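Peer 1: Structure: target00.csv, CSV, C-alpha atoms.
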chain,number,residue,atom,x,y,z
G,1,MET,CA,119.1,35.9,144.3
G,2,LYS,CA,120.4,39.3,145.3
G,3,GLY,CA,121.2,40.1,141.7
G,4,LYS,CA,117.6,39.2,140.6
G,5,VAL,CA,116.2,41.5,143.4
G,6,LEU,CA,118.5,44.3,142.3
G,7,LEU,CA,117.5,43.8,138.7
G,8,LEU,CA,113.8,43.8,139.5
G,9,SER,CA,114.1,46.9,141.7
G,10,ALA,CA,116.0,48.7,138.9
G,11,LEU,CA,113.3,47.7,136.4
G,12,ALA,CA,110.6,48.9,138.8
G,13,VAL,CA,112.3,52.3,139.1
G,14,LEU,CA,112.7,52.5,135.4
G,15,VAL,CA,109.0,51.8,134.9
G,16,ALA,CA,108.1,54.4,137.5
G,17,LEU,CA,110.1,57.1,135.9
G,18,PRO,CA,107.6,58.1,133.2
G,19,ALA,CA,104.9,58.5,135.9
G,20,LEU,CA,107.2,60.9,137.7
G,21,ALA,CA,107.7,62.8,134.5
G,22,ALA,CA,104.0,63.0,133.8
G,23,GLY,CA,103.5,64.3,137.3
G,24,ASP,CA,106.0,67.0,136.7
G,25,ALA,CA,104.4,68.0,133.4
G,26,GLU,CA,101.0,68.1,135.2
G,27,THR,CA,102.1,70.4,137.9
G,28,ALA,CA,103.9,72.6,135.4
G,29,SER,CA,100.9,73.0,133.3
G,30,ALA,CA,98.7,73.5,136.4
G,31,ALA,CA,101.0,76.3,137.4
G,32,ALA,CA,101.0,77.8,134.0
G,33,ASN,CA,97.2,77.6,134.0
G,34,LEU,CA,97.0,79.4,137.3
G,35,VAL,CA,99.2,82.3,136.0
G,36,LEU,CA,97.1,82.5,132.9
G,37,LYS,CA,94.0,82.7,135.0
G,38,LYS,CA,95.5,85.4,137.1
G,39,TYR,CA,96.4,87.3,133.9
G,40,TYR,CA,92.9,87.1,132.5
G,41,MET,CA,91.5,88.1,135.9
G,42,PHE,CA,93.4,91.3,135.7
G,43,VAL,CA,92.5,91.8,132.1
G,44,ALA,CA,88.9,91.4,132.9
G,45,MET,CA,89.0,93.9,135.8
G,46,GLY,CA,91.0,96.4,133.9
G,47,GLY,CA,89.0,96.1,130.7
G,48,ALA,CA,85.7,96.5,132.5
G,49,ILE,CA,86.8,99.6,134.5
G,50,GLY,CA,88.5,101.1,131.5
G,51,LEU,CA,85.6,100.6,129.1
G,52,GLY,CA,83.2,101.9,131.8
G,53,LEU,CA,85.2,105.1,132.1
G,54,ALA,CA,85.6,105.5,128.4
G,55,ALA,CA,81.8,105.0,127.9
G,56,GLY,CA,81.1,107.5,130.6
G,57,GLY,CA,83.3,110.2,129.2
G,58,GLY,CA,82.0,109.5,125.7
G,59,GLY,CA,78.4,109.7,126.9
G,60,ILE,CA,79.0,113.1,128.5
G,61,GLY,CA,80.7,114.5,125.4
G,62,GLN,CA,78.0,113.2,123.0
G,63,GLY,CA,75.3,114.6,125.4
G,64,HIS,CA,76.9,118.0,125.0
G,65,ALA,CA,76.9,117.7,121.2
G,66,VAL,CA,73.2,116.8,121.1
G,67,ASN,CA,72.4,119.5,123.6
G,68,GLY,CA,74.0,122.1,121.3
G,69,THR,CA,72.2,120.8,118.3
G,70,VAL,CA,68.8,120.7,119.9
G,71,LEU,CA,69.2,124.3,121.3
G,72,GLY,CA,70.3,125.5,117.8
G,73,THR,CA,67.4,123.8,116.2
G,74,ALA,CA,65.0,125.3,118.7
G,75,ARG,CA,66.3,128.8,117.9
G,76,ASN,CA,66.4,128.4,114.1
G,77,PRO,CA,64.3,125.4,112.8
G,78,ALA,CA,65.2,126.2,109.2
G,79,LEU,CA,68.8,125.1,109.8
G,80,SER,CA,67.9,121.7,111.3
G,81,GLY,CA,69.3,119.7,108.3
G,82,LYS,CA,72.7,121.3,108.4
G,83,LEU,CA,72.8,121.2,112.2
G,84,LEU,CA,72.0,117.5,112.1
G,85,THR,CA,74.8,116.8,109.6
G,86,VAL,CA,77.3,118.6,111.8
G,87,MET,CA,76.0,116.8,114.9
G,88,MET,CA,76.4,113.4,113.2
G,89,ILE,CA,80.0,114.2,112.3
G,90,GLY,CA,80.8,115.3,115.8
G,91,LEU,CA,79.1,112.2,117.3
G,92,ALA,CA,81.2,109.9,115.2
G,93,MET,CA,84.4,111.8,116.2
G,94,ILE,CA,83.6,111.5,119.9
G,95,GLU,CA,82.5,107.9,119.5
G,96,SER,CA,85.9,107.0,117.9
G,97,LEU,CA,87.6,107.8,121.2
G,98,VAL,CA,85.5,105.2,123.0
G,99,ILE,CA,86.2,102.8,120.1
G,100,TYR,CA,90.0,103.2,120.7
G,101,MET,CA,89.5,101.9,124.2
G,102,LEU,CA,87.5,98.9,122.9
G,103,VAL,CA,90.2,98.0,120.5
G,104,ILE,CA,92.9,98.1,123.2
G,105,VAL,CA,90.8,95.8,125.4
G,106,LEU,CA,90.2,93.4,122.5
G,107,ILE,CA,94.0,93.3,121.8
G,108,ILE,CA,94.9,92.5,125.4
G,109,PHE,CA,92.1,90.0,125.6
G,110,TYR,CA,92.4,88.0,122.4
G,111,THR,CA,96.1,88.2,121.5
G,112,ASN,CA,98.4,87.3,124.3
G,113,PRO,CA,100.8,90.2,124.1
G,114,PHE,CA,103.0,89.1,127.1
G,115,HIS,CA,103.1,85.4,126.1
G,116,ILE,CA,101.9,84.3,129.5
P,1,MET,CA,87.8,82.1,116.9
P,2,GLU,CA,87.1,81.3,113.3
P,3,ALA,CA,83.4,81.6,112.5
P,4,PRO,CA,82.0,79.6,109.5
P,5,THR,CA,81.3,81.9,106.6
P,6,PHE,CA,79.4,81.5,103.3
P,7,LEU,CA,82.5,81.6,101.2
P,8,ASP,CA,84.3,78.9,103.2
P,9,PHE,CA,84.7,76.7,100.2
P,10,ILE,CA,87.0,79.3,98.6
P,11,ILE,CA,88.7,80.2,101.9
P,12,HIS,CA,89.5,76.6,102.8
P,13,SER,CA,90.5,75.4,99.4
P,14,THR,CA,92.9,78.3,98.6
P,15,GLY,CA,94.1,79.1,102.1
P,16,LEU,CA,93.5,82.8,101.5
P,17,PRO,CA,92.4,84.9,104.5
P,18,ALA,CA,88.7,85.6,104.9
P,19,TYR,CA,88.9,89.4,104.6
P,20,LEU,CA,90.6,89.1,101.2
P,21,VAL,CA,88.0,86.8,99.7
P,22,PHE,CA,85.2,89.0,101.0
P,23,THR,CA,86.9,92.1,99.6
P,24,TRP,CA,86.8,90.4,96.2
P,25,PHE,CA,83.1,89.6,96.8
P,26,VAL,CA,82.3,93.2,97.5
P,27,MET,CA,84.3,94.3,94.4
P,28,LEU,CA,82.3,91.9,92.3
P,29,VAL,CA,79.0,93.2,93.7
P,30,ILE,CA,79.9,96.8,93.0
P,31,LEU,CA,81.2,96.0,89.5
P,32,ALA,CA,78.0,94.0,88.7
P,33,LEU,CA,75.9,96.9,89.8
P,34,ALA,CA,77.9,99.4,87.8
P,35,LEU,CA,77.6,97.1,84.7
P,36,ILE,CA,73.9,96.8,85.2
P,37,VAL,CA,73.5,100.6,85.3
P,38,ARG,CA,75.8,101.1,82.3
P,39,GLY,CA,73.8,98.5,80.3
P,40,SER,CA,70.7,100.6,80.1
P,41,LEU,CA,71.6,104.3,80.2
P,42,LYS,CA,68.9,106.7,79.2
P,43,LEU,CA,68.8,110.5,79.0
P,44,VAL,CA,65.9,110.7,81.4
P,45,PRO,CA,67.0,108.4,84.2
P,46,GLU,CA,64.7,105.8,85.7
P,47,GLY,CA,65.0,102.9,88.0
P,48,ILE,CA,68.5,102.0,89.2
P,49,GLN,CA,70.1,104.7,87.1
P,50,ASN,CA,68.2,107.2,89.2
P,51,VAL,CA,69.7,105.8,92.4
P,52,ALA,CA,73.2,105.7,91.0
P,53,GLU,CA,73.0,109.2,89.7
P,54,SER,CA,71.6,110.6,93.0
P,55,VAL,CA,74.4,108.8,95.0
P,56,VAL,CA,77.2,110.1,92.8
P,57,TYR,CA,75.7,113.6,92.7
P,58,GLY,CA,75.3,113.6,96.4
P,59,ILE,CA,78.9,112.7,97.0
P,60,TYR,CA,80.1,115.1,94.3
P,61,SER,CA,78.2,118.1,95.8
P,62,PHE,CA,79.5,117.3,99.2
P,63,VAL,CA,83.1,117.1,98.1
P,64,GLU,CA,82.6,120.3,96.0
P,65,ASP,CA,81.5,122.1,99.2
P,66,ILE,CA,84.8,121.3,100.8
P,67,LEU,CA,87.3,121.3,98.0
P,68,GLY,CA,86.0,123.9,95.6
P,69,LYS,CA,85.0,123.7,92.0
P,70,GLU,CA,88.2,123.1,90.1
P,71,GLU,CA,89.9,120.7,92.5
P,72,THR,CA,87.0,118.3,92.9
P,73,PRO,CA,87.2,116.4,89.6
P,74,LYS,CA,90.8,115.5,90.2
P,75,HIS,CA,90.2,113.9,93.6
P,76,PHE,CA,86.6,112.8,93.2
P,77,PRO,CA,87.3,109.2,91.9
P,78,LEU,CA,89.4,108.2,94.9
P,79,ILE,CA,87.0,109.7,97.4
P,80,ALA,CA,83.8,108.3,95.8
P,81,THR,CA,85.4,104.8,95.4
P,82,LEU,CA,86.3,104.8,99.1
P,83,ALA,CA,82.8,105.9,100.1
P,84,ILE,CA,81.0,103.3,98.0
P,85,PHE,CA,83.4,100.5,98.7
P,86,ILE,CA,83.3,101.1,102.5
P,87,PHE,CA,79.5,101.3,102.4
P,88,PHE,CA,79.1,98.1,100.6
P,89,ALA,CA,81.8,96.4,102.7
P,90,ASN,CA,80.1,97.4,105.9
P,91,ILE,CA,76.7,96.3,104.6
P,92,THR,CA,77.8,92.7,104.1
P,93,GLU,CA,77.8,92.1,107.9
P,94,LEU,CA,74.0,92.2,107.9
P,95,ILE,CA,73.8,89.1,105.8
P,96,PRO,CA,74.1,86.0,108.0
P,97,TYR,CA,77.3,83.9,107.5
P,98,PHE,CA,79.1,86.8,105.8
P,99,ALA,CA,82.1,88.5,107.4
P,100,PRO,CA,82.6,92.2,106.5
P,101,PRO,CA,86.0,92.8,105.1
P,102,THR,CA,86.4,96.0,107.1
P,103,SER,CA,86.1,94.0,110.3
P,104,ASN,CA,89.8,93.2,109.9
P,105,LEU,CA,92.5,95.8,110.6
P,106,ASN,CA,94.3,94.9,107.3
P,107,THR,CA,91.6,96.3,105.1
P,108,THR,CA,91.0,99.5,107.0
P,109,LEU,CA,94.7,100.1,107.5
P,110,SER,CA,95.4,99.8,103.8
P,111,MET,CA,92.7,102.3,103.0
P,112,ALA,CA,94.0,104.7,105.6
P,113,LEU,CA,97.5,104.4,104.3
P,114,ILE,CA,96.3,105.1,100.8
P,115,VAL,CA,94.6,108.3,101.9
P,116,PHE,CA,97.7,109.3,104.0
P,117,VAL,CA,100.2,108.8,101.1
P,118,TYR,CA,97.8,110.5,98.7
P,119,TYR,CA,97.3,113.7,100.5
P,120,GLN,CA,101.0,114.0,101.5
P,121,PHE,CA,102.0,113.5,97.9
P,122,LEU,CA,99.4,116.2,96.9
P,123,GLY,CA,100.8,118.6,99.4
P,124,ILE,CA,104.4,118.1,98.3
P,125,LYS,CA,103.4,118.3,94.6
P,126,LYS,CA,101.5,121.5,95.0
P,127,HIS,CA,103.7,123.4,97.5
P,128,GLY,CA,107.1,121.8,97.0
P,129,PHE,CA,109.4,122.4,99.9
P,130,ARG,CA,107.1,125.0,101.4
P,131,TYR,CA,104.9,122.1,102.4
P,132,ILE,CA,106.9,122.1,105.6
P,133,LYS,CA,105.2,125.4,106.5
P,134,HIS,CA,102.0,123.3,107.2
P,135,PHE,CA,103.7,121.7,110.1
P,136,MET,CA,105.1,124.9,111.6
P,137,GLY,CA,102.9,126.8,114.0
P,138,PRO,CA,101.6,130.3,113.6
P,139,VAL,CA,104.8,132.0,114.9
P,140,TRP,CA,108.5,131.1,114.3
P,141,TRP,CA,109.5,130.7,117.9
P,142,LEU,CA,106.9,127.9,118.6
P,143,VAL,CA,108.4,125.7,115.9
P,144,PRO,CA,110.4,123.3,118.2
P,145,LEU,CA,107.2,122.7,120.1
P,146,MET,CA,104.7,122.6,117.2
P,147,PHE,CA,106.7,120.6,114.6
P,148,PRO,CA,106.9,117.3,116.6
P,149,ILE,CA,103.3,117.7,117.7
P,150,GLU,CA,102.1,118.2,114.1
P,151,VAL,CA,104.1,115.3,112.8
P,152,ILE,CA,102.8,113.0,115.4
P,153,GLY,CA,99.3,114.3,114.8
P,154,HIS,CA,99.6,113.5,111.1
P,155,PHE,CA,100.8,110.0,111.8
P,156,ALA,CA,98.0,109.6,114.3
P,157,ARG,CA,95.6,110.2,111.5
P,158,ILE,CA,96.5,106.9,110.0
P,159,ILE,CA,95.8,105.1,113.3
P,160,SER,CA,92.6,107.1,113.9
P,161,LEU,CA,91.1,106.5,110.5
P,162,SER,CA,91.8,102.8,110.5
P,163,VAL,CA,91.0,102.0,114.1
P,164,ARG,CA,87.8,104.0,114.0
P,165,LEU,CA,86.4,102.0,111.1
P,166,PHE,CA,87.8,98.7,112.3
P,167,GLY,CA,86.6,99.1,115.9
P,168,ASN,CA,83.1,100.2,114.8
P,169,ILE,CA,82.6,97.4,112.3
P,170,PHE,CA,84.3,94.7,114.4
P,171,GLY,CA,82.3,95.7,117.5
P,172,ASP,CA,79.0,95.6,115.5
P,173,ASP,CA,79.9,92.2,114.1
P,174,LEU,CA,80.6,90.9,117.6
P,175,LEU,CA,77.4,92.4,118.9
P,176,LEU,CA,75.4,90.9,116.1
P,177,ALA,CA,76.9,87.5,116.7
P,178,ILE,CA,76.2,87.6,120.4
P,179,ILE,CA,72.6,88.8,119.8
P,180,PHE,CA,72.0,86.1,117.3
P,181,PHE,CA,73.3,83.6,119.8
P,182,LEU,CA,71.3,84.9,122.7
P,183,ALA,CA,67.9,85.7,121.1
P,184,PRO,CA,67.4,84.5,117.5
P,185,TRP,CA,64.4,85.0,115.2
P,186,LEU,CA,62.9,88.5,115.3
P,187,VAL,CA,64.8,90.1,118.2
P,188,PRO,CA,68.0,91.1,116.3
P,189,LEU,CA,66.0,93.2,113.8
P,190,PRO,CA,66.3,96.6,115.8
P,191,ILE,CA,69.9,95.8,116.4
P,192,MET,CA,70.4,95.3,112.6
P,193,GLY,CA,68.8,98.6,112.0
P,194,LEU,CA,71.2,100.2,114.4
P,195,VAL,CA,74.1,98.4,112.7
P,196,LEU,CA,72.9,99.6,109.3
P,197,PHE,CA,72.9,103.2,110.5
P,198,ALA,CA,76.3,102.9,112.1
P,199,ALA,CA,77.8,101.2,109.0
P,200,SER,CA,76.6,103.9,106.7
P,201,LEU,CA,77.7,106.6,109.1
P,202,GLN,CA,81.2,105.2,109.3
P,203,ALA,CA,81.5,105.1,105.5
P,204,PHE,CA,80.4,108.8,105.4
P,205,ILE,CA,82.9,109.7,108.2
P,206,PHE,CA,85.8,108.0,106.4
P,207,PHE,CA,85.3,109.8,103.1
P,208,LEU,CA,84.5,113.1,104.8
P,209,LEU,CA,87.7,113.0,106.8
P,210,SER,CA,89.7,112.0,103.7
P,211,THR,CA,88.3,115.0,101.9
P,212,LEU,CA,89.1,117.3,104.8
P,213,TYR,CA,92.7,116.0,104.9
P,214,ILE,CA,93.1,116.6,101.2
P,215,ALA,CA,91.6,120.1,101.5
P,216,ASP,CA,94.0,120.8,104.4
P,217,ALA,CA,97.0,119.6,102.3
P,218,ILE,CA,96.3,121.7,99.2
P,219,SER,CA,95.2,124.8,101.1
P,220,GLU,CA,97.4,127.8,101.3
P,221,PRO,CA,98.9,128.3,104.7
P,222,GLU,CA,97.1,131.4,105.8
P,223,HIS,CA,99.2,132.3,108.8
Could you take the file, read its structure, and then write that structure out as structure tokens?
Peer 2:
Amino acid sequence: MKGKVLLLSALAVLVALPALAAGDAETASAAANLVLKKYYMFVAMGGAIGLGLAAGGGGIGQGHAVNGTVLGTARNPALSGKLLTVMMIGLAMIESLVIYMLVIVLIIFYTNPFHI
Amino acid sequence: MEAPTFLDFIIHSTGLPAYLVFTWFVMLVILALALIVRGSLKLVPEGIQNVAESVVYGIYSFVEDILGKEETPKHFPLIATLAIFIFFANITELIPYFAPPTSNLNTTLSMALIVFVYYQFLGIKKHGFRYIKHFMGPVWWLVPLMFPIEVIGHFARIISLSVRLFGNIFGDDLLLAIIFFLAPWLVPLPIMGLVLFAASLQAFIFFLLSTLYIADAISEPEH
């Protein structure tokens, strides 16, 4: 009788073991999910602030470029074509600095560089 | 993050990446246009020959302004190919279900590397060992400061050329996808106009910068 009880209890423990393991895996994945969420929280904050600053600086710079072109055209309307070409080149140069920031944010956001 | 594209039947059956298949598509389009123009050449141009001639003449006069009369024919084929290819590659993002090949860093980085190796080779071929003088500053005692800065600046040109084109076109592609998702039918039309302008501007900037780098490499150091 005692042998049967012992056997049954051993079988019950053996059956319960996979449930224990699944519980471990669940908490492990929940913990990993929480770390991932924290990582993306920081990525979102940093990306928003960084892109905002980059866009602000870029906007000021491009505003200066357009200001110079408009003043130059007002003084000498015959040169407006050449001035427009130079302004376009300058605007693309300044815009590329903002684009660098966008690429950094895209890299951090879509590839997981720290393997979290 | 894989969006369905029109040429999916080629991409999925051969396992090739999307940007490569679309590069071939753009090449086929340009070759077809060139063969159509060549099929009906007249002395007095009309129709599509007019457009092709004005495009080529426009690029040629622009390059001639920067490089001078005798250097231009040597470097014009590379510069014009870059300009026309990048323009058509950027345009394909306006067609729905098409992915522009320049929206991938591989395409733009390869083109930037070609330009970099080309103008370095030109500088070394023309000046020989005196090409190092391009990296020195104006005076001899600034060399330990100027030389690393100039070398880093030259390598940064690869990154700046490729990332500028990649960031612009990828950002425009993402913007178009989101706008199509948010407000379909007629609303994306002004956005597509803006994207068309930005795409042609980026092609212009790429070939202009390549021309300027080539002009800088073959110029005599005047210091």
Peer 1: Please identify all residues of chain P having at least one atom at most 9 Å from any atom of chain G, considering all atoms listed in the file, and return them as a VMD selection string.
Peer 2: chain P and resid 160 163 to 168 171 201 to 202 204 to 205 208
Peer 1: With a distance cut-off of 12 Å and only C-alpha atoms, select the neighbouring residues of Ala217 (chain P), excluding the residue or stretch itself and same-chain residues fewer than 5 positions from it, and output the selection as a compact mmCIF listing (two decimals) with C-alpha atoms, in the coordinates of the input.
Peer 2:
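Resulting contents of part.txt:
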# COMPACT_ATOMS: atom_id res chain seq x y z
CA LEU P 67 87.30 121.30 98.00
CA VAL P 115 94.60 108.30 101.90
CA PHE P 116 97.70 109.30 104.00
CA VAL P 117 100.20 108.80 101.10
CA TYR P 118 97.80 110.50 98.70
CA TYR P 119 97.30 113.70 100.50
CA GLN P 120 101.00 114.00 101.50
CA PHE P 121 102.00 113.50 97.90
CA LEU P 122 99.40 116.20 96.90
CA GLY P 123 100.80 118.60 99.40
CA ILE P 124 104.40 118.10 98.30
CA LYS P 125 103.40 118.30 94.60
CA LYS P 126 101.50 121.50 95.00
CA HIS P 127 103.70 123.40 97.50
CA GLY P 128 107.10 121.80 97.00
CA ARG P 130 107.10 125.00 101.40
CA TYR P 131 104.90 122.10 102.40
CA ILE P 132 106.90 122.10 105.60
CA LYS P 133 105.20 125.40 106.50
CA HIS P 134 102.00 123.30 107.20
CA PHE P 135 103.70 121.70 110.10
CA HIS P 154 99.60 113.50 111.10
CA SER P 210 89.70 112.00 103.70
CA THR P 211 88.30 115.00 101.90
CA LEU P 212 89.10 117.30 104.80
Peer 1: Mind giving me the straight-line distance from CA of Gly81 (chain G) to CA of Phe85 (chain P) in Å, one decimal?
Peer 2: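 Here the two named atoms are 25.7 Å from each other.
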Peer 1: Record the distance separating CA of Glu64 (chain P) and CA of Ile79 (chain P), expressed in Å with one decimal.
Peer 2: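 Those two atoms sit 11.6 Å apart.
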Peer 1: So how far away is CA of Val29 (chain P) from CA of Ile91 (chain P), in Å?
Peer 2: 11.6 Å
Peer 1: What lies within 12 Å of Phe25 (chain P) using all atoms listed in the file, ignoring chain neighbours under 6 positions off, as a PyMOL selection string?
Peer 2: chain P and resi 6-7+10+18-19+31-32+85+88-89+92+98-101
Peer 1: Neighbours of Asp65 (chain P) within 12 Å (all atoms listed in the file; same-chain residues fewer than 5 positions away dropped), as a list in words?
Peer 2: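 Answer for this query is Gly58, Ile59, Tyr60, Glu70, Glu71, Thr72, Leu208, Thr211, Leu212 and Ala215 of chain P.
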Peer 1: Can you tell me, as a compact mmCIF listing (two decimals) with C-alpha atoms, in the frame of the given file, what residues are no more than 12 Å from Leu194 (chain P) when counting all atoms listed in the file, ignoring any on the same chain fewer than 2 positions away?
Peer 2:
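The new file selection-v1.txt reads:
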# COMPACT_ATOMS: atom_id res chain seq x y z
CA ILE P 91 76.70 96.30 104.60
CA LEU P 94 74.00 92.20 107.90
CA ASN P 168 83.10 100.20 114.80
CA ILE P 169 82.60 97.40 112.30
CA ASP P 172 79.00 95.60 115.50
CA ASP P 173 79.90 92.20 114.10
CA LEU P 175 77.40 92.40 118.90
CA LEU P 176 75.40 90.90 116.10
CA PRO P 188 68.00 91.10 116.30
CA LEU P 189 66.00 93.20 113.80
CA PRO P 190 66.30 96.60 115.80
CA ILE P 191 69.90 95.80 116.40
CA MET P 192 70.40 95.30 112.60
CA LEU P 196 72.90 99.60 109.30
CA PHE P 197 72.90 103.20 110.50
CA ALA P 198 76.30 102.90 112.10
CA ALA P 199 77.80 101.20 109.00
CA SER P 200 76.60 103.90 106.70
CA LEU P 201 77.70 106.60 109.10
Peer 1: Fewer than 3 positions away in the same chain doesn't count, so skip those; otherwise give me all residues within 12 Å of Gly68 (chain G), counting only C-alpha atoms, as a list in words.
Peer 2: Gly61, Gln62, Gly63, His64, Ala65, Leu71, Gly72, Thr73, Ala74, Arg75, Ser80, Leu83, Leu84, Val86, Met87, Gly90 and Leu91 of chain G
Peer 1: Select region 70-88 of chain P in the preceding structure and write C-alpha atoms to a file as a PDB file, in the first residue's frame.
Peer 2:
ATOM      1  CA  GLU P  70      38.903  69.248 -71.978  1.00  0.00           C
ATOM      2  CA  GLU P  71      38.280  67.207 -68.801  1.00  0.00           C
ATOM      3  CA  THR P  72      34.536  66.838 -69.243  1.00  0.00           C
ATOM      4  CA  PRO P  73      34.379  64.190 -72.017  1.00  0.00           C
ATOM      5  CA  LYS P  74      36.497  61.818 -69.935  1.00  0.00           C
ATOM      6  CA  HIS P  75      34.290  61.829 -66.857  1.00  0.00           C
ATOM      7  CA  PHE P  76      30.936  62.645 -68.394  1.00  0.00           C
ATOM      8  CA  PRO P  77      29.722  59.049 -68.969  1.00  0.00           C
ATOM      9  CA  LEU P  78      30.032  58.067 -65.289  1.00  0.00           C
ATOM     10  CA  ILE P  79      28.431  61.280 -64.040  1.00  0.00           C
ATOM     11  CA  ALA P  80      25.548  61.195 -66.507  1.00  0.00           C
ATOM     12  CA  THR P  81      24.908  57.500 -65.815  1.00  0.00           C
ATOM     13  CA  LEU P  82      24.755  58.208 -62.101  1.00  0.00           C
ATOM     14  CA  ALA P  83      22.383  61.118 -62.634  1.00  0.00           C
ATOM     15  CA  ILE P  84      19.967  59.312 -64.956  1.00  0.00           C
ATOM     16  CA  PHE P  85      20.039  56.032 -63.015  1.00  0.00           C
ATOM     17  CA  ILE P  86      19.433  57.704 -59.664  1.00  0.00           C
ATOM     18  CA  PHE P  87      16.646  59.814 -61.125  1.00  0.00           C
ATOM     19  CA  PHE P  88      14.810  56.826 -62.573  1.00  0.00           C
TER      20      PHE P  88
END
